[in-house]
Number of protein chains: 2
Amino acid sequence: MSEVLEVRRRAFSEVTALVAREPGTFDAVVDEEWTIGGKPNGGYLLAILGRAAAAVTDHPDVIAANALYVQSPDPGPVVIETELLRAGRSASQVRARMQQSGKVCVESLVTLSRLDPDEVPYWDAGVPPMSDLPYEACVALSGPGPGGTHVAIFGQVELRLEPEVLGFGAGRPSGRGELRGWLSLPEDRTFDPASLLFAVDSFPPATFDIELAGWVPTFVMSAYVRALPCPGPVRVMQRAHLIDAQRVDETCFVWDSAGRLVAQGTQLAGIRLG
Amino acid sequence: MSEVLEVRRRAFSEVTALVAREPGTFDAVVDEEWTIGGKPNGGYLLAILGRAAAAVTDHPDVIAANALYVQSPDPGPVVIETELLRAGRSASQVRARMQQSGKVCVESLVTLSRLDPDEVPYWDAGVPPMSDLPYEACVALSGPGPGGTHVAIFGQVELRLEPEVLGFGAGRPSGRGELRGWLSLPEDRTFDPASLLFAVDSFPPATFDIELAGWVPTFVMSAYVRALPCPGPVRVMQRAHLIDAQRVDETCFVWDSAGRLVAQGTQLAGIRLG
């Protein structure tokens, strides 16, 4: 019976597909499987907006995207409106808005350019040290999250954590506020700038490694895409800095399987601690 | 004659003042002294937008703000348009746009709330170590920047760097990509959430500590305000992580004089290296 119960893995290109409605306006469908507790992942929503922004410019690659999460959409149809703010020679700038039933869900500002696959980093001494634990040595997350939350997205992507940071699952967080591991897409597709916008928000809150709290809703997120990744899964590190006034900031670093830093994210989220 | 030549220091509240034109729309004047090489400081522009956002909500304090720099305005009149996206109980979300002569200059997304002066941090083990060098031991920057750029803003705010990171001025950057020091406002005014949006962009590029390049224009910036600072100057650390494809990301940490982390910033900028 397992093949009946098993949910089909849907390619990232499929769950972020756009249908042009009129110039600059698109229809999309938020997939019910790319959710946590029934709510769509925020990075996934930003990726849909990033694709819409790319569709209205001559620049294919998102290099920076900010998201303001106004109201979580339900899985199902959404409308994306874009406004081209500047079409430059080397970069374009777009405002993109996701609405559902006439209500603003996510507002975003997107910068696009063309990433050169032959580019090499000039200076990277400020990048934190990357873990060297291989993909196979990490543990795939599955089953419900804390409090029994149904994490449907674990049936779509493979998210693996290093054994050392798995303590939170057994009530023994390390206290460091840092999660490390790997992420791969359905069908092991190669990451691109749009799916990297998902990658920077794909991990559980780094605060799980401090103290388990309930839902940690992202208020705002900012992502930079620095390079085109090579094929294969990406290595992810999610780190918390400060919990103050029931808010936490987290940064995320994403490396491709060859060890190149390809994306960075920062977010401010709410947390019921303190 | 010196009093004739000396430029009057203008309070931050004065250079970010708004005049309501119609509901949600404001006139402002970008001050010619809050500039570097004739171009207004980006954090200063975001602070004007933050004030406009606060003026259309019941929440006085910016806690997060993203800026997309589309086109630098010239010093002089600008128009700020706001759109209230959500007025919640504990927070409000606003889109704010700065225009000059009908052209979009800066687009921003602002989250506002009310910061409680009695709040204390719950967990801060992820914050990088703060320098302990006192204000008096740091060196005030003045005179032209690299390439002879006129930095008018040095006549308005006092920006002091630790002697150890001053090497770039003599052609001897440390290579670490990190600048540390202090910032104070005209008349030593206490920082507030709006002026902290300036603080996170007040320092020279951290890349000066790697290799001097020409102008390092900010493409996007994101700032979080974490707490209300105590009176006095603020301590600032600006750090670069990666230079790749002629772009650099920098993060900024701002502490008040009592050592509390009060603001954080991240930006992606262009750089002619590599």
# chains A, B, ... in the order shown; residues from 1 in each chain; ligands from 1

call {"tool": "residues_around", "arguments": {"residues": "stretch 44-57 of chain A", "least_positions_apart": "6", "cutoff": "7 Å", "atoms": "only C-alpha atoms", "output": "list of chain:residue names"}}
result
A:Thr16, A:Gly24, A:Ala67, A:Thr82, A:Ser92, A:Val94, A:Ala96, A:Val110, A:Leu112, A:Ala194, A:Ser195, A:Leu197, A:Phe198

call {"tool": "residues_around", "arguments": {"residues": "B:Ala240", "least_positions_apart": "3", "cutoff": "9 Å", "atoms": "only C-alpha atoms", "output": "list in words"}}
result
Asp124, Ala125, Gly126 and Val127 of chain A; Arg176, Gly177, Glu178, Pro205, Ala206, Thr207, Ile210, Ile243, Val248, Asp249, Glu250, Thr251 and Cys252 of chain B

call {"tool": "atom_distance", "arguments": {"atom1": "atom CA of A:Val157", "atom2": "atom CA of A:Pro193"}}
result
16.7 Å

call {"tool": "closest_residue", "arguments": {"among": "B:Pro217, B:Pro231, B:Gly102, B:Pro117", "to": "B:Gly42", "atoms": "only C-alpha atoms"}}
result
B:Pro217

call {"tool": "residues_around", "arguments": {"residues": "B:Val30", "least_positions_apart": "2", "cutoff": "10 Å", "atoms": "only C-alpha atoms", "output": "NGL selection string"}}
result
:B and (15-17 or 28 or 32-35 or 39-41 or 44-45 or 48 or 73-78)

call {"tool": "write_last_selection", "arguments": {"atoms": "all heavy atoms", "output": "short mmCIF file (atom, residue, chain, number, x, y, z; two decimals), in the first residue's frame"}}
result
data_model
loop_
_atom_site.label_atom_id
_atom_site.label_comp_id
_atom_site.auth_asym_id
_atom_site.auth_seq_id
_atom_site.Cartn_x
_atom_site.Cartn_y
_atom_site.Cartn_z
N VAL B 15 17.35 67.02 9.78
CA VAL B 15 17.65 66.58 8.41
C VAL B 15 16.77 65.42 7.95
O VAL B 15 16.85 65.00 6.80
CB VAL B 15 19.15 66.22 8.24
CG1 VAL B 15 20.01 67.44 8.50
CG2 VAL B 15 19.56 65.04 9.11
N THR B 16 15.94 64.90 8.87
CA THR B 16 14.99 63.85 8.48
C THR B 16 13.54 64.32 8.65
O THR B 16 12.61 63.52 8.66
CB THR B 16 15.19 62.56 9.32
OG1 THR B 16 15.05 62.89 10.71
CG2 THR B 16 16.55 61.94 9.08
N ALA B 17 13.36 65.63 8.77
CA ALA B 17 12.02 66.18 9.02
C ALA B 17 11.09 65.96 7.83
O ALA B 17 11.52 66.00 6.67
CB ALA B 17 12.13 67.67 9.32
N ALA B 28 10.17 65.97 2.01
CA ALA B 28 11.38 66.02 2.84
C ALA B 28 12.48 66.67 2.02
O ALA B 28 12.35 66.84 0.80
CB ALA B 28 11.79 64.61 3.27
N GLU B 32 22.36 68.53 2.12
CA GLU B 32 23.58 68.49 1.32
C GLU B 32 24.82 68.15 2.15
O GLU B 32 25.86 67.76 1.60
CB GLU B 32 23.79 69.83 0.59
CG GLU B 32 24.01 71.00 1.54
CD GLU B 32 24.04 72.34 0.83
OE1 GLU B 32 23.87 72.37 -0.39
OE2 GLU B 32 24.22 73.34 1.52
N GLU B 33 24.70 68.28 3.48
CA GLU B 33 25.85 67.97 4.33
C GLU B 33 25.90 66.49 4.74
O GLU B 33 26.91 66.02 5.25
CB GLU B 33 25.85 68.85 5.59
CG GLU B 33 25.99 70.34 5.29
CD GLU B 33 27.29 70.67 4.56
OE1 GLU B 33 28.31 70.02 4.84
OE2 GLU B 33 27.27 71.57 3.69
N TRP B 34 24.80 65.75 4.56
CA TRP B 34 24.80 64.33 4.95
C TRP B 34 25.16 63.49 3.71
O TRP B 34 24.46 62.55 3.34
CB TRP B 34 23.45 63.94 5.55
CG TRP B 34 23.33 64.47 6.95
CD1 TRP B 34 23.26 65.79 7.32
CD2 TRP B 34 23.32 63.72 8.16
NE1 TRP B 34 23.21 65.90 8.69
CE2 TRP B 34 23.25 64.64 9.23
CE3 TRP B 34 23.38 62.35 8.45
CZ2 TRP B 34 23.23 64.24 10.57
CZ3 TRP B 34 23.35 61.96 9.79
CH2 TRP B 34 23.29 62.89 10.82
N THR B 35 26.28 63.88 3.10
CA THR B 35 26.69 63.28 1.83
C THR B 35 28.15 62.85 1.85
O THR B 35 28.94 63.30 2.67
CB THR B 35 26.52 64.30 0.68
OG1 THR B 35 27.25 65.49 1.00
CG2 THR B 35 25.06 64.64 0.45
N LYS B 39 26.90 62.60 -2.75
CA LYS B 39 25.79 61.65 -2.75
C LYS B 39 25.32 61.42 -1.31
O LYS B 39 26.16 61.13 -0.44
CB LYS B 39 26.23 60.29 -3.33
CG LYS B 39 26.73 60.35 -4.75
CD LYS B 39 25.60 60.56 -5.72
CE LYS B 39 26.08 60.48 -7.16
NZ LYS B 39 25.04 60.94 -8.10
N PRO B 40 24.02 61.46 -1.08
CA PRO B 40 23.54 61.23 0.29
C PRO B 40 23.86 59.82 0.79
O PRO B 40 23.82 58.86 0.03
CB PRO B 40 22.03 61.45 0.19
CG PRO B 40 21.70 61.56 -1.24
CD PRO B 40 22.96 61.83 -2.00
N ASN B 41 24.17 59.73 2.07
CA ASN B 41 24.40 58.42 2.71
C ASN B 41 23.12 57.58 2.63
O ASN B 41 22.02 58.06 2.87
CB ASN B 41 24.80 58.67 4.18
CG ASN B 41 24.86 57.41 4.99
OD1 ASN B 41 23.84 56.89 5.44
ND2 ASN B 41 26.05 56.88 5.16
N TYR B 44 21.07 57.18 5.86
CA TYR B 44 20.35 58.43 6.13
C TYR B 44 19.04 58.45 5.33
O TYR B 44 17.96 58.78 5.87
CB TYR B 44 21.27 59.60 5.79
CG TYR B 44 20.60 60.93 5.58
CD1 TYR B 44 19.70 61.45 6.52
CD2 TYR B 44 20.88 61.70 4.45
CE1 TYR B 44 19.10 62.68 6.31
CE2 TYR B 44 20.29 62.93 4.24
CZ TYR B 44 19.39 63.42 5.18
OH TYR B 44 18.79 64.63 4.97
N LEU B 45 19.09 58.05 4.07
CA LEU B 45 17.86 58.02 3.25
C LEU B 45 16.86 57.01 3.82
O LEU B 45 15.65 57.27 3.89
CB LEU B 45 18.19 57.65 1.80
CG LEU B 45 19.11 58.63 1.06
CD1 LEU B 45 19.38 58.12 -0.36
CD2 LEU B 45 18.52 60.04 1.01
N ILE B 48 14.98 58.45 6.74
CA ILE B 48 13.87 59.33 6.34
C ILE B 48 12.64 58.47 6.03
O ILE B 48 11.51 58.77 6.46
CB ILE B 48 14.26 60.19 5.12
CG1 ILE B 48 15.39 61.16 5.47
CG2 ILE B 48 13.04 60.97 4.59
CD1 ILE B 48 15.93 61.96 4.27
N PRO B 73 19.30 60.06 -5.03
CA PRO B 73 18.75 61.41 -5.21
C PRO B 73 19.87 62.44 -5.03
O PRO B 73 20.88 62.16 -4.39
CB PRO B 73 17.73 61.53 -4.07
CG PRO B 73 18.26 60.63 -3.00
CD PRO B 73 18.96 59.49 -3.71
N ASP B 74 19.68 63.60 -5.61
CA ASP B 74 20.57 64.72 -5.30
C ASP B 74 20.09 65.36 -4.00
O ASP B 74 18.91 65.25 -3.66
CB ASP B 74 20.52 65.76 -6.43
CG ASP B 74 21.14 65.23 -7.72
OD1 ASP B 74 22.19 64.56 -7.64
OD2 ASP B 74 20.55 65.46 -8.79
N PRO B 75 20.97 66.02 -3.28
CA PRO B 75 20.49 66.78 -2.13
C PRO B 75 19.39 67.75 -2.61
O PRO B 75 19.48 68.30 -3.70
CB PRO B 75 21.73 67.54 -1.67
CG PRO B 75 22.88 66.70 -2.14
CD PRO B 75 22.43 66.11 -3.45
N GLY B 76 18.37 67.90 -1.78
CA GLY B 76 17.25 68.76 -2.15
C GLY B 76 15.94 68.06 -1.91
O GLY B 76 15.89 67.01 -1.25
N PRO B 77 14.85 68.60 -2.44
CA PRO B 77 13.52 68.06 -2.13
C PRO B 77 13.29 66.67 -2.68
O PRO B 77 13.69 66.35 -3.80
CB PRO B 77 12.56 69.05 -2.81
CG PRO B 77 13.37 70.27 -3.08
CD PRO B 77 14.78 69.81 -3.28
N VAL B 78 12.63 65.85 -1.87
CA VAL B 78 12.17 64.52 -2.28
C VAL B 78 10.74 64.35 -1.78
O VAL B 78 10.29 65.07 -0.88
CB VAL B 78 13.05 63.37 -1.72
CG1 VAL B 78 14.42 63.36 -2.36
CG2 VAL B 78 13.14 63.45 -0.20
#

call {"tool": "closest_atom_pairs", "arguments": {"of": "chain B", "to": "chain A", "cutoff": "7 Å", "atoms": "only C-alpha atoms", "output": "CSV"}}
result
residue,atom,partner,partner_atom,distance
B:Asn66,CA,A:Asn66,CA,6.9
B:Leu68,CA,A:Leu109,CA,6.8
B:Val70,CA,A:Arg86,CA,6.7
B:Arg86,CA,A:Val70,CA,6.8
B:Leu109,CA,A:Leu68,CA,6.8
B:Glu119,CA,A:Ala245,CA,6.1
B:Val120,CA,A:Asp244,CA,6.6
B:Pro121,CA,A:Asp244,CA,4.3
B:Tyr122,CA,A:Gly274,CA,5.2
B:Trp123,CA,A:Ile243,CA,5.0
B:Asp124,CA,A:Leu242,CA,4.4
B:Ala125,CA,A:His241,CA,6.5
B:Gly126,CA,A:His241,CA,3.7
B:Val127,CA,A:His241,CA,4.9
B:Arg226,CA,A:Asp244,CA,6.8
B:Ala240,CA,A:Gly126,CA,5.9
B:His241,CA,A:Gly126,CA,3.7
B:Leu242,CA,A:Asp124,CA,4.3
B:Ile243,CA,A:Trp123,CA,5.0
B:Asp244,CA,A:Pro121,CA,4.3
B:Ala245,CA,A:Glu119,CA,6.1
B:Gly274,CA,A:Tyr122,CA,5.2

call {"tool": "atom_distance", "arguments": {"atom1": "atom CA of B:Val216", "atom2": "atom CA of B:Val151"}}
result
14.1 Å
